[in-house]
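The file data.cif contains mmCIF, C-alpha atoms:
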data_target
loop_
_atom_site.label_atom_id
_atom_site.label_comp_id
_atom_site.auth_asym_id
_atom_site.auth_seq_id
_atom_site.Cartn_x
_atom_site.Cartn_y
_atom_site.Cartn_z
CA MET Y 26 -12.42 -151.67 119.29
CA ASP Y 27 -14.45 -150.35 116.38
CA LEU Y 28 -15.13 -152.34 113.25
CA MET Y 29 -14.00 -150.99 109.88
CA HIS Y 30 -15.61 -152.32 106.71
CA HIS Y 31 -13.85 -152.61 103.37
CA SER Y 32 -15.16 -153.53 99.95
CA SER Y 33 -13.75 -153.05 96.44
CA THR Y 34 -17.00 -151.76 95.01
CA PHE Y 35 -15.00 -149.20 92.98
CA LEU Y 36 -14.05 -152.11 90.71
CA LEU Y 37 -17.69 -152.95 89.96
CA PRO Y 38 -19.39 -151.50 86.87
CA THR Y 39 -21.99 -149.90 89.12
CA ILE Y 40 -21.90 -149.40 92.85
CA PRO Y 41 -24.96 -150.93 94.53
CA LEU Y 42 -27.28 -148.16 95.77
CA HIS Y 43 -27.61 -149.16 99.39
CA HIS Y 44 -24.07 -150.42 99.74
CA ARG Y 45 -22.44 -149.62 103.04
CA PRO Y 46 -20.15 -147.98 103.87
CA SER Y 47 -21.20 -145.26 101.46
CA LEU Y 48 -18.05 -143.63 100.22
CA THR Y 49 -17.06 -140.64 98.13
CA TYR Y 50 -14.20 -141.46 95.78
CA ALA Y 51 -11.36 -139.30 94.60
CA LEU Y 52 -8.90 -140.51 91.95
CA VAL Y 53 -5.20 -139.66 91.75
CA VAL Y 54 -3.33 -140.63 88.60
CA LEU Y 55 0.46 -140.99 88.93
CA ASN Y 56 3.02 -141.31 86.14
CA GLN Y 57 2.81 -145.00 85.21
CA THR Y 58 0.85 -146.82 82.51
CA LEU Y 59 -2.89 -146.48 83.19
CA PRO Y 60 -4.50 -149.69 84.47
CA ARG Y 61 -7.00 -151.14 81.99
CA PHE Y 62 -9.91 -150.26 84.34
CA ALA Y 63 -8.88 -146.57 84.65
CA PRO Y 64 -12.12 -145.35 82.94
CA LEU Y 65 -14.13 -147.26 85.57
CA LEU Y 66 -12.26 -145.58 88.45
CA TRP Y 67 -12.70 -142.23 86.71
CA LYS Y 68 -16.45 -142.82 86.50
CA HIS Y 69 -16.82 -143.57 90.22
CA ALA Y 70 -14.70 -140.60 91.32
CA GLN Y 71 -16.12 -137.20 92.16
CA LEU Y 72 -12.71 -135.55 92.14
CA ARG Y 73 -10.00 -136.47 89.65
CA LEU Y 74 -6.41 -135.34 90.10
CA CYS Y 75 -3.29 -135.94 88.06
CA ALA Y 76 0.04 -135.81 89.83
CA ASP Y 77 2.43 -134.09 87.42
CA GLY Y 78 3.32 -136.68 84.73
CA GLY Y 79 0.09 -138.53 85.46
CA ALA Y 80 -1.49 -135.92 83.19
CA ASN Y 81 0.72 -137.14 80.33
CA ARG Y 82 -0.63 -140.64 80.94
CA VAL Y 83 -4.28 -139.54 80.82
CA PHE Y 84 -3.61 -137.47 77.70
CA ASP Y 85 -1.69 -140.23 75.87
CA GLU Y 86 -3.38 -143.39 77.12
CA MET Y 87 -7.09 -142.72 77.69
CA PRO Y 88 -7.65 -142.51 73.90
CA LEU Y 89 -5.91 -145.92 73.59
CA LEU Y 90 -8.58 -147.44 75.84
CA PHE Y 91 -11.26 -146.16 73.39
CA PRO Y 92 -9.65 -146.94 70.02
CA GLU Y 93 -12.92 -146.60 68.12
CA GLU Y 94 -13.45 -143.01 69.28
CA ASP Y 95 -11.84 -139.76 68.25
CA ALA Y 96 -8.84 -139.00 70.52
CA SER Y 97 -9.78 -135.35 71.14
CA ASP Y 98 -13.29 -136.33 72.23
CA VAL Y 99 -11.83 -138.85 74.71
CA ARG Y 100 -9.38 -136.25 76.03
CA ARG Y 101 -12.13 -133.71 76.58
CA ARG Y 102 -14.25 -136.29 78.36
CA TYR Y 103 -11.43 -137.39 80.66
CA LYS Y 104 -10.37 -133.96 81.84
CA PRO Y 105 -8.80 -133.88 85.33
CA ASP Y 106 -10.18 -131.41 87.85
CA VAL Y 107 -6.70 -130.67 89.21
CA ILE Y 108 -3.10 -131.17 88.17
CA ASN Y 109 -0.82 -130.98 91.20
CA GLY Y 110 2.87 -131.58 91.72
CA ASP Y 111 6.33 -130.29 91.06
CA MET Y 112 5.70 -130.08 87.32
CA ASP Y 113 9.00 -131.58 86.24
CA SER Y 114 7.45 -134.38 84.17
CA ILE Y 115 4.29 -132.96 82.60
CA ARG Y 116 4.73 -131.97 78.96
CA LYS Y 117 4.02 -128.32 78.11
CA GLU Y 118 1.46 -129.25 75.43
CA VAL Y 119 -0.43 -131.41 77.93
CA LEU Y 120 -0.37 -128.69 80.60
CA ASP Y 121 -1.61 -126.08 78.11
CA PHE Y 122 -4.35 -128.41 76.83
CA TYR Y 123 -5.86 -129.11 80.22
CA ARG Y 124 -5.39 -125.54 81.43
CA SER Y 125 -7.36 -124.32 78.41
CA LEU Y 126 -10.17 -126.72 79.37
CA GLY Y 127 -10.37 -125.29 82.88
CA THR Y 128 -8.30 -127.80 84.88
CA LYS Y 129 -6.92 -126.21 88.04
CA ILE Y 130 -3.12 -126.21 87.95
CA ILE Y 131 -1.31 -126.26 91.28
CA ASP Y 132 2.40 -125.75 90.87
CA LYS Y 133 4.28 -127.12 93.88
CA SER Y 134 7.74 -127.07 92.32
CA HIS Y 135 9.11 -125.21 95.35
CA ASP Y 136 8.26 -128.16 97.57
CA GLN Y 137 10.89 -130.84 97.19
CA ASP Y 138 10.24 -132.45 100.57
CA THR Y 139 7.20 -134.52 99.63
CA THR Y 140 6.32 -136.86 96.79
CA ASP Y 141 3.74 -135.92 94.17
CA LEU Y 142 1.31 -138.42 95.70
CA HIS Y 143 1.79 -136.88 99.14
CA LYS Y 144 1.01 -133.42 97.67
CA CYS Y 145 -2.19 -134.75 96.06
CA ILE Y 146 -3.38 -136.45 99.25
CA THR Y 147 -2.71 -133.25 101.21
CA TYR Y 148 -4.70 -131.29 98.64
CA ILE Y 149 -7.65 -133.70 98.88
CA TRP Y 150 -7.45 -133.65 102.68
CA ASP Y 151 -7.55 -129.84 102.75
CA PHE Y 152 -10.28 -129.76 100.10
CA ALA Y 153 -12.71 -132.24 101.71
CA PRO Y 154 -15.00 -130.81 104.40
CA ASP Y 155 -14.31 -132.37 107.81
CA ALA Y 156 -17.72 -134.01 107.87
CA ASN Y 157 -16.87 -136.02 104.77
CA LYS Y 158 -13.35 -137.16 105.64
CA SER Y 159 -14.39 -140.49 107.13
CA SER Y 160 -16.45 -141.35 104.06
CA LEU Y 161 -13.69 -140.34 101.65
CA CYS Y 162 -11.76 -143.00 99.72
CA ILE Y 163 -8.81 -142.04 97.54
CA LEU Y 164 -8.07 -144.35 94.62
CA VAL Y 165 -4.52 -144.12 93.26
CA ALA Y 166 -3.47 -145.41 89.85
CA GLY Y 167 0.21 -145.74 88.94
CA ALA Y 168 1.70 -145.96 92.45
CA LEU Y 169 3.40 -149.30 91.77
CA GLY Y 170 5.98 -150.34 89.19
CA GLY Y 171 8.59 -148.00 87.82
CA ARG Y 172 11.33 -146.74 90.13
CA TYR Y 173 11.37 -148.77 93.32
CA ASP Y 174 12.19 -145.84 95.60
CA HIS Y 175 9.02 -144.15 94.26
CA GLU Y 176 6.98 -147.28 95.00
CA MET Y 177 8.29 -147.35 98.58
CA GLY Y 178 7.61 -143.62 98.96
CA ASN Y 179 4.02 -144.24 97.81
CA LEU Y 180 3.57 -147.11 100.28
CA ASN Y 181 4.85 -144.78 102.99
CA VAL Y 182 2.11 -142.28 102.12
CA LEU Y 183 -0.46 -144.91 103.22
CA TYR Y 184 1.23 -145.03 106.64
CA CYS Y 185 1.58 -141.24 106.90
CA PHE Y 186 -2.16 -140.79 106.25
CA SER Y 187 -3.30 -143.86 108.18
CA SER Y 188 -6.66 -142.30 109.10
CA LEU Y 189 -7.59 -141.87 105.41
CA ARG Y 190 -8.83 -144.63 103.12
CA ILE Y 191 -6.27 -144.76 100.30
CA VAL Y 192 -6.20 -147.65 97.78
CA LEU Y 193 -3.19 -148.19 95.50
CA LEU Y 194 -4.14 -149.93 92.26
CA SER Y 195 -2.22 -151.63 89.50
CA ASP Y 196 -3.44 -153.97 86.76
CA ASP Y 197 -2.58 -156.91 89.01
CA SER Y 198 -3.24 -155.91 92.60
CA LEU Y 199 -4.79 -153.49 94.99
CA ILE Y 200 -3.32 -152.49 98.33
CA TYR Y 201 -4.59 -150.59 101.35
CA LEU Y 202 -3.75 -150.14 104.99
CA LEU Y 203 -5.60 -151.90 107.80
CA PRO Y 204 -4.92 -149.60 110.78
CA ARG Y 205 -4.24 -151.35 114.08
CA THR Y 206 -6.85 -149.14 115.74
CA HIS Y 207 -9.71 -151.18 114.25
CA HIS Y 208 -10.96 -154.69 113.68
CA HIS Y 209 -11.45 -155.18 109.96
CA GLU Y 210 -14.09 -156.84 107.81
CA ILE Y 211 -13.16 -157.15 104.17
CA HIS Y 212 -16.06 -158.05 101.88
CA ILE Y 213 -14.55 -159.78 98.86
CA GLN Y 214 -16.00 -158.86 95.46
CA THR Y 215 -15.31 -162.26 93.95
CA SER Y 216 -16.31 -161.18 90.44
CA VAL Y 217 -13.38 -158.74 90.24
CA GLU Y 218 -10.79 -159.64 92.87
CA GLY Y 219 -8.97 -162.58 94.41
CA PRO Y 220 -8.18 -165.26 95.21
CA HIS Y 221 -4.51 -164.42 95.81
CA CYS Y 222 -3.92 -162.15 98.77
CA GLY Y 223 -1.48 -161.17 101.48
CA LEU Y 224 -1.03 -159.33 104.76
CA ILE Y 225 2.25 -157.48 104.98
CA PRO Y 226 3.80 -156.04 108.17
CA ILE Y 227 5.79 -153.25 106.54
CA GLY Y 228 7.84 -151.05 108.80
CA VAL Y 229 7.27 -152.75 112.11
CA PRO Y 230 7.03 -156.38 113.25
CA SER Y 231 3.62 -157.65 114.34
CA ARG Y 232 3.55 -159.62 117.58
CA SER Y 233 0.02 -160.82 117.05
CA SER Y 234 -2.34 -160.96 114.08
CA THR Y 235 -5.52 -162.99 113.72
CA THR Y 236 -7.63 -163.61 110.62
CA THR Y 237 -10.64 -165.54 109.39
CA GLY Y 238 -11.60 -166.32 105.81
CA LEU Y 239 -8.15 -167.16 104.45
CA GLN Y 240 -6.72 -170.51 103.36
CA TRP Y 241 -3.88 -170.02 105.85
CA ASN Y 242 -5.39 -168.04 108.68
CA LEU Y 243 -3.30 -166.29 111.30
CA ASN Y 244 -4.07 -167.09 114.91
CA ASN Y 245 -2.29 -164.71 117.28
CA THR Y 246 0.58 -165.22 114.86
CA GLU Y 247 3.79 -163.19 114.75
CA MET Y 248 4.78 -161.66 111.43
CA ARG Y 249 7.85 -159.68 110.38
CA PHE Y 250 10.20 -159.12 107.46
CA GLY Y 251 12.94 -161.68 107.82
CA GLY Y 252 10.45 -164.14 109.26
CA LEU Y 253 6.86 -164.97 108.37
CA ILE Y 254 4.80 -162.65 106.21
CA SER Y 255 1.49 -163.72 104.76
CA SER Y 256 1.97 -163.78 101.00
CA SER Y 257 0.57 -166.17 98.36
CA ASN Y 258 -2.42 -166.63 100.65
CA ILE Y 259 -5.86 -167.45 99.26
CA VAL Y 260 -9.26 -165.95 100.04
CA VAL Y 261 -11.81 -168.62 100.90
CA GLY Y 262 -15.36 -167.31 100.73
CA GLU Y 263 -16.63 -163.76 100.71
CA LYS Y 264 -15.60 -162.29 104.04
CA VAL Y 265 -12.16 -161.90 105.57
CA THR Y 266 -11.60 -160.51 109.06
CA VAL Y 267 -8.30 -159.15 110.36
CA GLN Y 268 -7.10 -157.80 113.66
CA SER Y 269 -3.54 -156.98 114.55
CA ASP Y 270 -1.36 -155.09 116.99
CA THR Y 271 0.23 -153.19 114.09
CA ASP Y 272 -0.81 -151.49 110.86
CA LEU Y 273 -0.85 -154.13 108.11
CA LEU Y 274 -1.00 -153.78 104.35
CA TRP Y 275 -3.79 -155.84 102.79
CA THR Y 276 -3.25 -156.81 99.18
CA ILE Y 277 -5.45 -158.84 96.84
CA SER Y 278 -5.09 -159.77 93.18
CA ILE Y 279 -7.36 -158.15 90.59
CA LYS Y 280 -8.95 -160.53 88.11
CA LYS Y 281 -8.07 -160.16 84.46
CA LEU Y 282 -11.46 -159.76 82.83
CA MET F 5 15.34 -164.76 74.82
CA PRO F 6 14.82 -165.15 71.04
CA LEU F 7 13.12 -161.72 71.05
CA PHE F 8 16.41 -160.13 72.17
CA PHE F 9 18.10 -161.60 69.08
CA PRO F 10 15.56 -161.06 66.31
CA GLN F 11 18.13 -161.57 63.58
CA GLU F 12 18.98 -165.08 64.79
CA ASP F 13 17.16 -168.37 64.55
CA ALA F 14 14.96 -168.87 67.65
CA SER F 15 16.04 -172.50 68.25
CA ASP F 16 19.73 -171.50 68.20
CA VAL F 17 19.08 -168.81 70.79
CA ARG F 18 17.11 -171.21 72.99
CA ARG F 19 19.91 -173.80 72.92
CA ARG F 20 22.48 -171.15 73.82
CA TYR F 21 20.41 -169.84 76.73
CA LYS F 22 19.77 -173.15 78.42
CA PRO F 23 19.21 -172.96 82.19
CA ASP F 24 21.25 -175.28 84.41
CA VAL F 25 18.29 -175.86 86.73
CA ILE F 26 14.53 -175.41 86.66
CA LYS F 27 13.08 -175.46 90.12
CA GLY F 28 9.79 -174.72 91.79
CA ASP F 29 6.31 -176.05 92.26
CA MET F 30 5.86 -176.44 88.50
CA ASP F 31 2.37 -174.97 88.33
CA SER F 32 3.27 -172.35 85.69
CA ILE F 33 5.87 -173.89 83.38
CA ARG F 34 4.41 -175.07 80.07
CA ARG F 35 4.82 -178.77 79.33
CA GLU F 36 6.54 -178.12 75.96
CA VAL F 37 9.05 -175.81 77.67
CA LEU F 38 9.78 -178.33 80.43
CA GLU F 39 10.34 -181.11 77.91
CA PHE F 40 12.52 -178.92 75.68
CA TYR F 41 14.94 -178.07 78.48
CA ALA F 42 14.82 -181.54 80.04
CA SER F 43 15.87 -182.97 76.66
CA LEU F 44 18.85 -180.55 76.60
CA GLY F 45 20.02 -181.74 80.01
CA THR F 46 18.64 -179.06 82.35
CA GLU F 47 18.21 -180.41 85.89
CA ILE F 48 14.53 -180.36 86.82
CA VAL F 49 13.84 -180.06 90.54
CA ASP F 50 10.17 -180.55 91.22
CA LYS F 51 9.15 -179.01 94.54
CA SER F 52 5.41 -179.13 94.02
CA HIS F 53 4.94 -180.81 97.41
CA ASP F 54 6.37 -177.74 99.17
CA GLN F 55 3.71 -175.06 99.37
CA ASP F 56 5.29 -173.27 102.34
CA THR F 57 7.94 -171.31 100.48
CA THR F 58 7.95 -169.15 97.37
CA ASP F 59 9.68 -170.25 94.16
CA LEU F 60 12.42 -167.69 94.80
CA HIS F 61 12.95 -169.03 98.31
CA LYS F 62 13.33 -172.55 96.86
CA CYS F 63 15.90 -171.34 94.32
CA VAL F 64 17.95 -169.38 96.84
CA THR F 65 17.99 -172.43 99.15
CA TYR F 66 19.16 -174.60 96.23
CA ILE F 67 21.95 -172.15 95.37
CA ARG F 68 23.06 -171.86 98.99
CA ASP F 69 23.19 -175.65 99.35
CA SER F 70 25.00 -176.05 96.01
CA ALA F 71 27.54 -173.32 96.73
CA SER F 72 30.15 -175.86 97.79
CA GLY F 73 30.48 -176.71 94.11
CA LEU F 74 31.26 -173.09 93.20
CA ASP F 75 34.54 -171.21 93.47
CA LYS F 76 35.03 -170.58 97.18
CA SER F 77 37.59 -167.81 96.64
CA ASN F 78 34.82 -165.62 95.25
CA GLN F 79 31.79 -164.50 97.14
CA LEU F 80 28.47 -165.69 95.87
CA CYS F 81 26.00 -163.09 94.56
CA VAL F 82 22.53 -164.13 93.44
CA LEU F 83 20.99 -161.91 90.71
CA VAL F 84 17.21 -162.15 90.44
CA VAL F 85 15.10 -160.99 87.50
CA GLY F 86 11.33 -160.86 87.61
CA ALA F 87 10.96 -160.42 91.37
CA LEU F 88 9.19 -157.07 91.08
CA GLY F 89 5.98 -156.00 89.39
CA GLY F 90 3.08 -158.37 88.91
CA ARG F 91 1.17 -159.47 92.01
CA PHE F 92 2.06 -157.31 94.99
CA ASP F 93 1.88 -160.14 97.52
CA GLN F 94 4.48 -162.05 95.48
CA GLU F 95 6.70 -158.99 95.25
CA MET F 96 6.58 -158.67 99.05
CA GLY F 97 7.27 -162.39 99.40
CA ASN F 98 10.38 -161.88 97.24
CA LEU F 99 11.53 -158.90 99.33
CA ASN F 100 11.09 -161.09 102.37
CA VAL F 101 13.42 -163.71 100.85
CA ILE F 102 16.30 -161.22 100.75
CA CYS F 103 15.50 -160.27 104.35
CA ARG F 104 15.46 -163.91 105.46
CA PHE F 105 18.71 -164.78 103.70
CA SER F 106 20.37 -161.64 105.05
CA SER F 107 23.85 -163.19 105.07
CA MET F 108 23.71 -163.81 101.31
CA ARG F 109 24.20 -161.23 98.57
CA ILE F 110 20.94 -161.23 96.61
CA VAL F 111 20.11 -158.46 94.12
CA LEU F 112 16.56 -158.00 92.79
CA LEU F 113 16.49 -156.39 89.34
CA SER F 114 13.83 -154.81 87.18
CA ASN F 115 14.12 -152.61 84.09
CA ASP F 116 14.02 -149.55 86.35
CA SER F 117 15.70 -150.39 89.63
CA LEU F 118 17.88 -152.73 91.60
CA ILE F 119 17.46 -153.57 95.27
CA HIS F 120 19.62 -155.32 97.82
CA LEU F 121 19.82 -155.57 101.57
CA LEU F 122 22.36 -153.70 103.70
CA PRO F 123 22.55 -155.85 106.85
CA ARG F 124 22.87 -153.90 110.10
CA THR F 125 25.88 -156.00 111.09
CA TYR F 126 28.16 -154.06 108.72
CA CYS F 127 29.15 -150.56 107.68
CA HIS F 128 28.60 -150.39 103.93
CA GLU F 129 30.49 -148.84 101.02
CA ILE F 130 28.51 -148.70 97.81
CA HIS F 131 30.63 -147.97 94.72
CA ILE F 132 28.30 -146.37 92.21
CA GLN F 133 28.71 -147.46 88.59
CA THR F 134 27.59 -144.12 87.17
CA SER F 135 27.52 -145.35 83.58
CA VAL F 136 24.69 -147.76 84.37
CA GLU F 137 22.98 -146.72 87.59
CA GLY F 138 21.68 -143.70 89.44
CA PRO F 139 21.17 -140.99 90.31
CA HIS F 140 17.82 -141.76 91.99
CA CYS F 141 18.10 -143.89 95.09
CA GLY F 142 16.55 -144.73 98.43
CA LEU F 143 17.11 -146.39 101.80
CA ILE F 144 14.10 -148.27 103.14
CA PRO F 145 13.59 -149.55 106.73
CA ILE F 146 11.32 -152.30 105.48
CA GLY F 147 10.87 -154.47 108.55
CA THR F 148 11.64 -152.41 111.62
CA PRO F 149 11.99 -148.72 112.43
CA SER F 150 15.56 -147.45 112.41
CA LYS F 151 16.54 -145.35 115.41
CA SER F 152 19.75 -144.23 113.77
CA SER F 153 21.10 -144.31 110.22
CA THR F 154 24.05 -142.35 108.84
CA THR F 155 25.14 -141.91 105.23
CA THR F 156 27.66 -140.06 103.09
CA GLY F 157 27.55 -139.43 99.35
CA LEU F 158 23.84 -138.65 99.00
CA GLN F 159 22.13 -135.33 98.26
CA TRP F 160 20.12 -135.69 101.47
CA ASP F 161 22.46 -137.56 103.80
CA LEU F 162 21.22 -139.12 107.00
CA ASN F 163 23.03 -138.13 110.18
CA ASN F 164 22.06 -140.37 113.08
CA THR F 165 18.60 -139.94 111.61
CA ALA F 166 15.57 -141.98 112.61
CA MET F 167 13.58 -143.57 109.77
CA GLU F 168 10.30 -145.47 109.83
CA PHE F 169 7.18 -146.11 107.80
CA GLY F 170 4.69 -143.45 108.75
CA GLY F 171 7.53 -141.00 109.16
CA LEU F 172 10.73 -140.37 107.24
CA VAL F 173 11.78 -142.94 104.63
CA SER F 174 14.64 -141.96 102.33
CA THR F 175 13.16 -142.01 98.80
CA SER F 176 13.73 -139.79 95.78
CA ASN F 177 17.24 -139.29 97.11
CA ILE F 178 20.11 -138.58 94.73
CA VAL F 179 23.58 -140.11 94.58
CA LYS F 180 26.07 -137.25 94.67
CA GLU F 181 29.42 -139.05 94.74
CA GLU F 182 30.84 -142.25 93.33
CA LYS F 183 30.95 -143.76 96.79
CA VAL F 184 28.04 -143.93 99.18
CA THR F 185 28.49 -145.13 102.75
CA VAL F 186 25.70 -146.40 104.99
CA GLN F 187 25.53 -147.56 108.56
CA SER F 188 22.38 -148.29 110.49
CA ASP F 189 21.00 -150.02 113.54
CA CYS F 190 18.64 -152.05 111.37
CA ASP F 191 18.63 -153.90 108.05
CA LEU F 192 17.92 -151.40 105.26
CA LEU F 193 16.93 -151.98 101.64
CA TRP F 194 19.16 -150.03 99.24
CA THR F 195 17.57 -149.21 95.90
CA ILE F 196 19.01 -147.31 92.95
CA SER F 197 17.61 -146.52 89.51
CA ILE F 198 19.04 -148.27 86.47
CA LYS F 199 19.85 -146.00 83.52
CA LYS F 200 17.95 -146.46 80.31
CA LEU F 201 20.74 -146.94 77.80
#
Take the structure from the file and write it as structure tokens.
Amino acid sequence: MDLMHHSSTFLLPTIPLHHRPSLTYALVVLNQTLPRFAPLLWKHAQLRLCADGGANRVFDEMPLLFPEEDASDVRRRYKPDVINGDMDSIRKEVLDFYRSLGTKIIDKSHDQDTTDLHKCITYIWDFAPDANKSSLCILVAGALGGRYDHEMGNLNVLYCFSSLRIVLLSDDSLIYLLPRTHHHEIHIQTSVEGPHCGLIPIGVPSRSSTTTGLQWNLNNTEMRFGGLISSSNIVVGEKVTVQSDTDLLWTISIKKL
Amino acid sequence: MPLFFPQEDASDVRRRYKPDVIKGDMDSIRREVLEFYASLGTEIVDKSHDQDTTDLHKCVTYIRDSASGLDKSNQLCVLVVGALGGRFDQEMGNLNVICRFSSMRIVLLSNDSLIHLLPRTYCHEIHIQTSVEGPHCGLIPIGTPSKSSTTTGLQWDLNNTAMEFGGLVSTSNIVKEEKVTVQSDCDLLWTISIKKL
């Protein structure tokens, strides 16, 4: 089984030059309060999308993260490349503002079968050349909190696109899928994340999971909702390994800096 | 609590909203807060030796074991605030508590949503309080795939429909009638939006 490496370098001020794996980041902003490190994610991303009301958030809240600067300057600097979605939340003034700056507007209001996040991931998938798909990593801000059915729909997107690296981020935590098809090495960036972590068997029970590098390691251990799930675990050291017979969600706390 | 009653004296509010029990591993409660409530007669149950279960798990266990002291003619329903948001691993741990105590009614509440389990052992009738909840809702097969779920009363009803993570999960659904019925071959999480009043 192949090894898959993970590292939260997108939370570092600068990504080390020879860091492997070398990834291309895209950022999707959903309609929740921007995390305090949103400008950092924006900086690392080569493609920035707002899903519908996420554009309101960038418009309203980016200037708040730069209180000493003029709001219009901040808004011009943090201009999304694309606004995608069913357009039922974005304010007209915000839509007009970004459209006038050249943002591509993709109106998917006819498509009520998928969530706004799903539409954005599909767009990025279609947009990225095949050669780059395995080095693509999609960072998502605003997927957690708010309406709980939305949060569950966003978690489901990770499972629907299990061959893509997608990271959900809030102020407190980050989450991504560890597909069962690989052994996983997670390199912990101790300056920005940890120590609280968890491995969550959402959607299907796990008959056997094994880890190293955690305070309470799993050793061929069964996990399922209604029984044991690994939450309130602690990262010990700088490398965690995970292998499992099912897709697991990895989550780790983000340090308040 | 005093912030909800800005026109009142904070100490008066704190005395009125005195918990019966404070329970858990005690690694977060401030000393001044602990002493304040202890002096008012709140029962303090220190479970700092037990690192195997979450604070919510400890509280639900306490309530279940104390239920003999409560009115047996009524069913017990545990309302939980603060289970969602914050650290995601803790949120999942709290969801797991309602899955583990599947024979108890436990409702997790946030400003935006409420969640409770619909155990597979029953057909369910959900009477929608339209003045305070809805219309956005969802049915989530959180722990195992569902081979067959059936509903009435939703915009997109399920009809012997399979649901699983990685495939169809019923989210962004809409409550259409004042009664929703659900039956399924597996435990489902029901969630509905709470109206901003």
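In chain Y, the set of residues within 6 Å of chain F (atoms considered: all atoms listed in the file) is Gly170, Gly171, Arg172, Tyr173, Asp174, Gly178, Asn181, Tyr184, Cys185, Asp197, Ser198, Gly223, Ile227, Gly228, Val229, Phe250, Gly251 and Ser256 of chain Y.
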Could the residues in this selection be written to a file with C-alpha atoms, as a PDB file, in the coordinates of the input?
ATOM      1  CA  GLY Y 170       5.980-150.340  89.190  1.00  0.00           C
ATOM      2  CA  GLY Y 171       8.590-148.000  87.820  1.00  0.00           C
ATOM      3  CA  ARG Y 172      11.330-146.740  90.130  1.00  0.00           C
ATOM      4  CA  TYR Y 173      11.370-148.770  93.320  1.00  0.00           C
ATOM      5  CA  ASP Y 174      12.190-145.840  95.600  1.00  0.00           C
ATOM      6  CA  GLY Y 178       7.610-143.620  98.960  1.00  0.00           C
ATOM      7  CA  ASN Y 181       4.850-144.780 102.990  1.00  0.00           C
ATOM      8  CA  TYR Y 184       1.230-145.030 106.640  1.00  0.00           C
ATOM      9  CA  CYS Y 185       1.580-141.240 106.900  1.00  0.00           C
ATOM     10  CA  ASP Y 197      -2.580-156.910  89.010  1.00  0.00           C
ATOM     11  CA  SER Y 198      -3.240-155.910  92.600  1.00  0.00           C
ATOM     12  CA  GLY Y 223      -1.480-161.170 101.480  1.00  0.00           C
ATOM     13  CA  ILE Y 227       5.790-153.250 106.540  1.00  0.00           C
ATOM     14  CA  GLY Y 228       7.840-151.050 108.800  1.00  0.00           C
ATOM     15  CA  VAL Y 229       7.270-152.750 112.110  1.00  0.00           C
ATOM     16  CA  PHE Y 250      10.200-159.120 107.460  1.00  0.00           C
ATOM     17  CA  GLY Y 251      12.940-161.680 107.820  1.00  0.00           C
ATOM     18  CA  SER Y 256       1.970-163.780 101.000  1.00  0.00           C
TER      19      SER Y 256
END
Explicit residue set for the PyMOL selection byres ((chain Y and resi 76) around 9), as a PyMOL selection string: chain Y and resi 53-56+74-75+77-80+107-112+115+141-142+144-145
Expected selection from the PyMOL selection byres ((chain F and resi 131) around 6), given as a list in words: Ile130, Ile132, Glu182 and Lys183 of chain F
Selection near Y:Phe84, 10 Å with all atoms listed in the file, sequence-local residues under 3 positions removed, as an NGL selection string: :Y and (78-81 or 87-89 or 96-97 or 99-101 or 103-105 or 118-120 or 122-123)
Write the selection just made, keeping C-alpha atoms, as a short mmCIF file (atom, residue, chain, number, x, y, z; two decimals), keeping the file's coordinate frame?
data_model
loop_
_atom_site.label_atom_id
_atom_site.label_comp_id
_atom_site.auth_asym_id
_atom_site.auth_seq_id
_atom_site.Cartn_x
_atom_site.Cartn_y
_atom_site.Cartn_z
CA GLY Y 78 3.32 -136.68 84.73
CA GLY Y 79 0.09 -138.53 85.46
CA ALA Y 80 -1.49 -135.92 83.19
CA ASN Y 81 0.72 -137.14 80.33
CA MET Y 87 -7.09 -142.72 77.69
CA PRO Y 88 -7.65 -142.51 73.90
CA LEU Y 89 -5.91 -145.92 73.59
CA ALA Y 96 -8.84 -139.00 70.52
CA SER Y 97 -9.78 -135.35 71.14
CA VAL Y 99 -11.83 -138.85 74.71
CA ARG Y 100 -9.38 -136.25 76.03
CA ARG Y 101 -12.13 -133.71 76.58
CA TYR Y 103 -11.43 -137.39 80.66
CA LYS Y 104 -10.37 -133.96 81.84
CA PRO Y 105 -8.80 -133.88 85.33
CA GLU Y 118 1.46 -129.25 75.43
CA VAL Y 119 -0.43 -131.41 77.93
CA LEU Y 120 -0.37 -128.69 80.60
CA PHE Y 122 -4.35 -128.41 76.83
CA TYR Y 123 -5.86 -129.11 80.22
#
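Put simply, atom CA of Y:Ser278 is 15.6 Å away from atom CA of Y:Gly238.
Restricting the calculation to all atoms listed in the file, the smallest distance between Y:Thr206 and any of Y:Met29, Y:Leu90, Y:Leu37, Y:Ile259 is found for Y:Met29.
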One-decimal distance in Å that lies between atom CA of F:Tyr21 and atom CA of F:Tyr41: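 Value for the atom CA of F:Tyr41-atom CA of F:Tyr21 distance: 10.0 Å.
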Within 7 Å of F:Lys180 using all atoms listed in the file, minus same-chain residues under 6 positions, as a count of residues only: 3
